[in-house]
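> Pasting final-v1.txt below, which is compact mmCIF, C-alpha atoms and all ligand atoms.
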```txt
# COMPACT_ATOMS: atom_id res chain seq x y z
CA MET A 1 -17.29 11.74 28.61
CA THR A 2 -15.25 10.88 31.70
CA ASP A 3 -12.62 12.72 33.64
CA GLN A 4 -10.35 9.69 33.67
CA PRO A 5 -7.03 10.38 31.98
CA MET A 6 -6.93 8.73 28.58
CA VAL A 7 -3.92 6.80 27.39
CA CYS A 8 -2.76 6.53 23.79
CA ALA A 9 -4.16 3.43 22.07
CA PHE A 10 -0.70 2.69 20.68
CA HIS A 11 1.39 3.77 23.70
CA PRO A 12 -0.27 2.59 26.95
CA ASN A 13 2.26 4.58 29.01
CA ARG A 14 1.42 7.95 27.47
CA SER A 15 -1.56 9.94 28.64
CA THR A 16 -3.28 12.14 26.13
CA THR A 17 -6.26 14.41 25.59
CA LEU A 18 -6.38 13.89 21.84
CA ARG A 19 -8.75 11.54 20.02
CA CYS A 20 -8.87 10.34 16.45
CA ASN A 21 -11.80 12.18 14.93
CA ARG A 22 -12.88 9.14 12.91
CA CYS A 23 -12.76 6.16 15.29
CA GLY A 24 -12.45 8.03 18.58
CA ARG A 25 -9.30 6.18 19.72
CA PRO A 26 -7.20 8.19 22.15
CA ILE A 27 -3.93 9.06 20.45
CA CYS A 28 -0.79 10.77 21.66
CA THR A 29 0.83 13.63 19.76
CA SER A 30 3.35 11.33 18.09
CA CYS A 31 0.58 9.02 16.84
CA ALA A 32 -1.76 11.75 15.65
CA ILE A 33 -1.58 12.42 11.92
CA LEU A 34 -2.87 15.78 10.81
CA THR A 35 -5.13 15.29 7.78
CA PRO A 36 -7.18 17.90 5.92
CA VAL A 37 -10.14 16.79 8.05
CA GLY A 38 -8.39 16.89 11.42
CA TYR A 39 -6.29 14.57 13.59
CA ARG A 40 -6.55 10.87 12.84
CA CYS A 41 -4.89 7.71 14.07
CA LYS A 42 -2.60 5.73 11.78
CA VAL A 43 -5.12 2.89 11.44
CA CYS A 44 -7.75 5.24 10.01
CA VAL A 45 -5.26 6.95 7.74
CA ARG A 46 -4.13 3.60 6.35
CA GLU A 47 -7.72 2.53 5.74
CA GLN A 48 -8.48 5.78 4.00
CA GLN A 49 -5.51 5.31 1.67
CA LYS A 50 -6.68 1.81 0.76
CA VAL A 51 -9.90 3.25 -0.61
CA PHE A 52 -7.89 5.12 -3.20
CA GLU A 53 -5.69 2.16 -4.13
CA THR A 54 -7.98 -0.55 -5.44
CA ALA A 55 -5.99 -1.44 -8.55
CA ASN A 56 -5.43 -5.02 -9.63
CA TRP A 57 -1.99 -6.00 -10.85
CA TYR A 58 -3.25 -6.52 -14.39
CA ASP A 59 -4.52 -2.94 -14.52
CA PHE A 60 -0.89 -1.95 -14.92
CA ILE A 61 -0.74 -4.03 -18.10
CA THR A 62 -4.13 -3.14 -19.59
CA VAL A 63 -3.85 0.60 -18.85
CA PRO A 64 -0.57 1.16 -20.78
CA VAL A 65 -1.72 -1.17 -23.58
CA VAL A 66 -5.07 0.60 -24.06
CA ALA A 67 -3.44 4.04 -23.90
CA GLY A 68 -0.59 2.96 -26.17
CA VAL A 69 -2.80 1.42 -28.85
CA ILE A 70 -5.13 4.42 -29.05
CA CYS A 71 -2.29 6.97 -29.05
CA GLY A 72 -0.40 4.81 -31.55
CA VAL A 73 -3.32 4.54 -33.97
CA GLY A 74 -3.83 8.30 -33.70
CA SER A 75 -0.15 8.93 -34.37
CA LEU A 76 -0.46 7.32 -37.82
CA LEU A 77 -2.25 10.45 -39.01
CA THR A 78 0.43 12.90 -37.88
CA SER A 79 2.27 12.77 -41.21
CA VAL A 80 -0.79 13.78 -43.22
CA LEU A 81 -2.53 16.21 -40.88
CA GLY A 82 0.22 18.82 -40.44
CA PHE A 83 -0.94 21.61 -38.19
CA PHE A 84 -4.24 19.83 -37.49
CA VAL A 85 -2.47 17.19 -35.40
CA ILE A 86 -2.97 19.61 -32.52
CA PHE A 87 -6.74 19.11 -32.70
CA GLU A 88 -6.41 15.44 -33.38
CA ALA A 89 -4.15 15.07 -30.33
CA PHE A 90 -6.74 16.70 -28.04
CA PHE A 91 -9.33 14.32 -29.39
CA VAL A 92 -7.16 11.20 -29.13
CA GLY A 93 -5.94 12.09 -25.62
CA THR A 94 -9.51 12.46 -24.40
CA ILE A 95 -10.66 9.22 -26.06
CA ALA A 96 -7.68 7.33 -24.63
CA ALA A 97 -8.39 8.65 -21.11
CA ARG A 98 -12.06 7.59 -21.40
CA ALA A 99 -11.07 4.15 -22.63
CA VAL A 100 -8.59 3.71 -19.75
CA LEU A 101 -11.18 4.75 -17.16
CA ARG A 102 -13.71 2.39 -18.69
CA VAL A 103 -11.27 -0.51 -18.54
CA VAL A 104 -10.32 -0.02 -14.88
CA ARG A 105 -13.71 1.08 -13.53
CA PRO A 106 -14.59 0.93 -10.66
CA ARG A 107 -11.03 0.50 -9.44
CA ARG A 108 -8.92 3.51 -8.64
CA SER A 109 -5.25 4.26 -8.28
CA ARG A 110 -3.17 7.37 -8.37
CA TYR A 111 -0.70 5.42 -10.52
CA PHE A 112 -3.13 4.83 -13.41
CA ARG A 113 -2.31 8.16 -15.02
CA TRP A 114 1.41 7.42 -15.02
CA ALA A 115 0.86 3.91 -16.37
CA ALA A 116 -1.29 5.47 -19.11
CA ALA A 117 1.35 8.14 -19.83
CA ILE A 118 4.08 5.52 -20.28
CA GLY A 119 1.82 3.53 -22.62
CA GLY A 120 0.87 6.66 -24.55
CA VAL A 121 4.50 7.71 -25.08
CA LEU A 122 5.51 4.21 -26.18
CA GLY A 123 2.52 4.08 -28.54
CA CYS A 124 3.66 7.29 -30.26
CA LEU A 125 7.27 6.19 -30.73
CA PRO A 126 6.90 3.66 -33.59
CA ILE A 127 5.90 6.39 -36.03
CA MET A 128 8.91 8.52 -35.09
CA VAL A 129 11.62 5.86 -35.03
CA PRO A 130 11.56 4.93 -38.77
CA THR A 131 11.65 8.62 -39.74
CA VAL A 132 14.67 9.25 -37.57
CA LEU A 133 16.42 6.10 -38.83
CA LEU A 134 15.78 6.95 -42.48
CA LEU A 135 17.08 10.47 -42.05
CA LEU A 136 20.14 9.31 -40.13
CA ILE A 137 20.95 6.83 -42.90
CA TYR A 138 20.31 9.04 -45.92
CA SER A 139 21.19 12.50 -44.65
CA PRO A 140 22.95 12.33 -41.32
CA SER A 141 24.15 15.91 -41.71
CA ASN A 142 20.65 17.28 -42.12
CA LEU A 143 19.65 17.70 -38.51
CA LEU A 144 17.15 20.38 -39.42
CA ALA A 145 15.20 17.94 -41.55
CA ILE A 146 15.19 15.46 -38.69
CA GLY A 147 13.92 18.11 -36.34
CA MET A 148 11.23 19.25 -38.79
CA SER A 149 10.03 15.74 -39.49
CA LEU A 150 9.57 15.19 -35.77
CA LEU A 151 7.79 18.47 -35.17
CA TRP A 152 4.20 17.26 -35.69
CA PRO A 153 4.61 13.76 -34.28
CA GLY A 154 6.37 15.38 -31.31
CA ALA A 155 3.61 17.96 -30.84
CA TYR A 156 1.07 15.18 -31.14
CA LEU A 157 2.85 13.10 -28.48
CA VAL A 158 3.08 15.95 -25.98
CA ILE A 159 -0.53 17.11 -26.42
CA ALA A 160 -2.14 13.67 -26.64
CA VAL A 161 -0.27 12.28 -23.62
CA GLY A 162 -0.76 15.54 -21.70
CA PHE A 163 -4.50 15.40 -22.29
CA LEU A 164 -4.58 11.72 -21.49
CA VAL A 165 -2.92 12.28 -18.12
CA ALA A 166 -5.06 15.32 -17.34
CA ASN A 167 -8.29 13.38 -17.90
CA ILE A 168 -7.52 10.34 -15.75
ZN ZN A 201 -8.82 6.35 14.04
ZN ZN A 202 0.94 7.11 20.77
```
Mind turning this structure into structure tokens?
Ligand SMILES: [Zn+2]
Ligand SMILES: [Zn+2]

Amino acid sequence: MTDQPMVCAFHPNRSTTLRCNRCGRPICTSCAILTPVGYRCKVCVREQQKVFETANWYDFITVPVVAGVICGVGSLLTSVLGFFVIFEAFFVGTIAARAVLRVVRPRRSRYFRWAAAIGGVLGCLPIMVPTVLLLLIYSPSNLLAIGMSLLWPGAYLVIAVGFLVANI
């Protein structure tokens, strides 16, 4: 502790009384970043963010593929399960989230859940597309039938992907 005036580590011409509470660098008010744990310098903030972004580029291929395959396999049952797709979707969403986390572990990224969501949605689509096409070809006027035939696959998609995202 000295009485000498400190100068900002990033602006040598600005005196300051503030220090980064992680590395102790003197920082001026325009360099200080208020974090939930107090004022920090931009170097420390950047390092902290890196800890949470450890993804490899191929994680953004494997994550959607794993999520899509599991959600897609689960979606095959939506036509026979009826109301019970709701329970199946919870189950599949949880399994898919576990599988994704297992594949990427120990890496972390806040984008994994969105990569998984995109894969999950795409995985659910194949079962819905033929139904819609068939109905459009054979009874284009029967929009109610189209809506009804998509009810359970649609419910499955929303719940499974919702649970998948919530668990990653
Ligand atoms: Zn710092
Ligand atoms: Zn500064």
> Could you check which of A:Val80, A:Ala32, A:Cys20, A:Val100 is closest to ligand ZN 202 (chain A), using all atoms listed in the file?
A:Ala32
> Would you list the residues that come within 7 Å of ligand ZN 202 (chain A)? Count all atoms listed in the file and give the answer as a PyMOL selection string.
chain A and resi 8-11+14+27-31
> Restricting the calculation to all atoms listed in the file: of A:Leu77, A:Leu157, A:Leu150, A:Val63, which residue gets closest to Arg102 in chain A?
A:Val63
> Ligand ZN 201 (chain A): which residues are within 7 Å, counting all atoms listed in the file, as a PDB file with C-alpha atoms, in the frame of the given file?

```
ATOM      1  CA  CYS A  20      -8.870  10.340  16.450  1.00  0.00           C
ATOM      2  CA  ASN A  21     -11.800  12.180  14.930  1.00  0.00           C
ATOM      3  CA  ARG A  22     -12.880   9.140  12.910  1.00  0.00           C
ATOM      4  CA  CYS A  23     -12.760   6.160  15.290  1.00  0.00           C
ATOM      5  CA  GLY A  24     -12.450   8.030  18.580  1.00  0.00           C
ATOM      6  CA  ARG A  25      -9.300   6.180  19.720  1.00  0.00           C
ATOM      7  CA  ARG A  40      -6.550  10.870  12.840  1.00  0.00           C
ATOM      8  CA  CYS A  41      -4.890   7.710  14.070  1.00  0.00           C
ATOM      9  CA  LYS A  42      -2.600   5.730  11.780  1.00  0.00           C
ATOM     10  CA  VAL A  43      -5.120   2.890  11.440  1.00  0.00           C
ATOM     11  CA  CYS A  44      -7.750   5.240  10.010  1.00  0.00           C
TER      12      CYS A  44
END
```
> Write out as a short mmCIF file (atom, residue, chain, number, x, y, z; two decimals) with C-alpha atoms, in the frame of the given file the residues lying within 7 Å of range 121-128 of chain A, counting only C-alpha atoms and excluding same-chain residues fewer than 2 positions away.

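Output contents, as saved in selection.cif:
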```cif
data_model
loop_
_atom_site.label_atom_id
_atom_site.label_comp_id
_atom_site.auth_asym_id
_atom_site.auth_seq_id
_atom_site.Cartn_x
_atom_site.Cartn_y
_atom_site.Cartn_z
CA GLY A 68 -0.59 2.96 -26.17
CA VAL A 69 -2.80 1.42 -28.85
CA CYS A 71 -2.29 6.97 -29.05
CA GLY A 72 -0.40 4.81 -31.55
CA SER A 75 -0.15 8.93 -34.37
CA LEU A 76 -0.46 7.32 -37.82
CA ALA A 117 1.35 8.14 -19.83
CA ILE A 118 4.08 5.52 -20.28
CA GLY A 119 1.82 3.53 -22.62
CA PRO A 130 11.56 4.93 -38.77
CA THR A 131 11.65 8.62 -39.74
CA VAL A 132 14.67 9.25 -37.57
CA LEU A 150 9.57 15.19 -35.77
CA PRO A 153 4.61 13.76 -34.28
CA LEU A 157 2.85 13.10 -28.48
CA VAL A 161 -0.27 12.28 -23.62
#
```
> What is the CA of Pro5 in chain A-CA of Tyr39 in chain A distance in Å, reported with one decimal?
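CA of Tyr39 in chain A lies at a distance of 18.9 Å from CA of Pro5 in chain A.
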> Might you pull out every residue within 12 Å of Asn167 in chain A, with all atoms listed in the file counted and same-chain residues fewer than 2 positions away left off, and present them as a PyMOL selection string?
chain A and resi 90-101+112-114+116-117+160-165
> Between A:Ile168, A:Met148, A:Val104, A:Val7, which one has atoms that come closest to Asn56 in chain A, using all atoms listed in the file?
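Ranking A:Ile168, A:Met148, A:Val104, A:Val7 by distance to Asn56 in chain A, first place goes to A:Val104.
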> Provide the CA of Ile86 in chain A to CA of Ala155 in chain A distance in Å, to one decimal place.
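It comes out at 7.0 Å.
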> Kindly give the distance, in Å, that separates CA of Ser79 in chain A and CA of Tyr138 in chain A, rounded to a single decimal.
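That distance, rounded to one decimal, is 19.0 Å.
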> Excluding Phe52 in chain A and any residue of its chain fewer than 3 positions from it, enumerate the residues within 6 Å of it, using only C-alpha atoms, and give them as a list of chain:residue names.
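Contacts, in chain order: A:Gln49, A:Arg108, A:Ser109.
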> Please enclose the listed atoms of range 104-123 of chain A in an axis-aligned box, pad each side by 4 Å, and write out the centre and the three edge lengths in Å, rounded to one decimal, as lines of an AutoDock Vina configuration file.

```
center_x = -4.5
center_y = 4.1
center_z = -18.4
size_x = 28.1
size_y = 16.2
size_z = 28.3
```
> Which residue gives the smallest distance to Ile70 in chain A among A:Arg110, A:Glu53, A:Gly120, A:Ser15, with only C-alpha atoms counted?
A:Gly120
> Can you work out which one of A:Ala115, A:Val103, A:Ala89, A:Leu134 has the shortest atom-to-atom distance to Gly74 in chain A, counting all atoms listed in the file?
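Among the listed residues, the smallest separation from Gly74 in chain A belongs to A:Ala89.
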> My list of candidates is A:Ala166, A:Ile146, A:Ala67, A:Phe60. Which is closest to Leu133 in chain A when distances are computed with all atoms listed in the file?
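Nearest candidate to Leu133 in chain A out of A:Ala166, A:Ile146, A:Ala67, A:Phe60: A:Ile146.
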